[in-house]
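*Asks:* Structure provided below as C-alpha cells; questions to follow.
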Amino acid sequence: MSRSRITGNFIDKTFSILANILLRMSAQSEGNYAEALQNYYEAMRLEIDPYDRSYILYNIGLIHTSNGEHTKALEYYFRALERNPFLPQAFNNMAVICHYRGEQAICQGDSEIAEAWFDQAAEYWKQAIALTPGNYIEAQNWLKITGRFE
C-alpha cells in the first residue's frame, strides 16, 4: 500500500473519530446533561494533558451548576483550576455560586453568613478580573459598590 494511501486512511479515521466526539459533546448544548456528563467522564479517562483536562473539568462544573448542584460544581471548578489556574470563567462561576449562597443567607435572615459568602465571591471575582481586565464589568461594579474592590 502506498504511503499516501496509508496517510489518507489515517486522516480519514482520525477525522471520523473527531467528528464522533464532537457530535457526542453537543449533548450539553442540547440540554442532555446526563449524556454530556458521561461523555466528559469518558474524555477524562482518555485525556492526559492537564490543560485539556482543566476544560473538561470546567464543563462538568457547568453541568452541575445548570442542575443546581452547586457543591459539586464548586468541586469541579476547583479541580479545573488545579490543572489550569488561568481559567477566569471558573473563578467567575465560583463567585456567582458564592454570591447566590449569600443572597440565600439573607433570605434566611443570616446576615453574618451572607457577608462571608459575599466576601468569598469578591475574592473569586478579583481573581477573574486580574486574569482578564475589562471583563466582568458587572462584578467590578458590585465590588466597588460594596466596598470590596481594592
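Identifiers in the C-alpha cells: chain A, B, ... in order shown; residue index from 1 per chain; ligand index from 1 in order shown.
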Identify, with DSSP run on backbone atoms, the residues in stretch 12-150 of chain A assigned to helix (DSSP H, G or I), and express the list as a ChimeraX atom specification.

*Replies:* /A:12-25,33-46,50-66,70-83,88-107,111-131,137-145

*Asks:* Give me the residues within 12 Å of A:Glu42 as number ranges by chain, counting only C-alpha atoms and dropping any in the same chain fewer than 2 places off.

*Replies:* A: 21, 24-25, 35-40, 44-48, 53, 56-57, 60

*Asks:* For A:Thr146, please output as a PyMOL selection string all residues within 12 Å (counting only C-alpha atoms; exclusion window: fewer than 3 positions along the same chain).

*Replies:* chain A and resi 115+118-119+121-122+139-143+149-150

*Asks:* Please measure the separation of atom CA of A:Arg79 and atom CA of A:Ser54, giving the value in Å to one decimal.

*Replies:*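 Taking atom CA of A:Arg79 and atom CA of A:Ser54, their separation equals 7.3 Å.
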
*Asks:* Considering only C-alpha atoms, can you say which of A:Ile129, A:Ile113, A:Leu62, A:Ile106 comes closest to A:Asn93?

*Replies:* A:Leu62

*Asks:* How far is it from atom CA of A:Gln127 to atom CA of A:Gly109, in Å with one decimal?

*Replies:* 28.8 Å

*Asks:* One number please: atom CA of A:Ser66 to atom CA of A:Pro133, in Å, one decimal.

*Replies:* 26.2 Å

*Asks:* Rank nothing, just name the residue among A:Ala128, A:Val96, A:Leu81, A:Ala73 nearest to A:Tyr55, using only C-alpha atoms.

*Replies:*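 Distance minimum relative to A:Tyr55 lands on A:Leu81.
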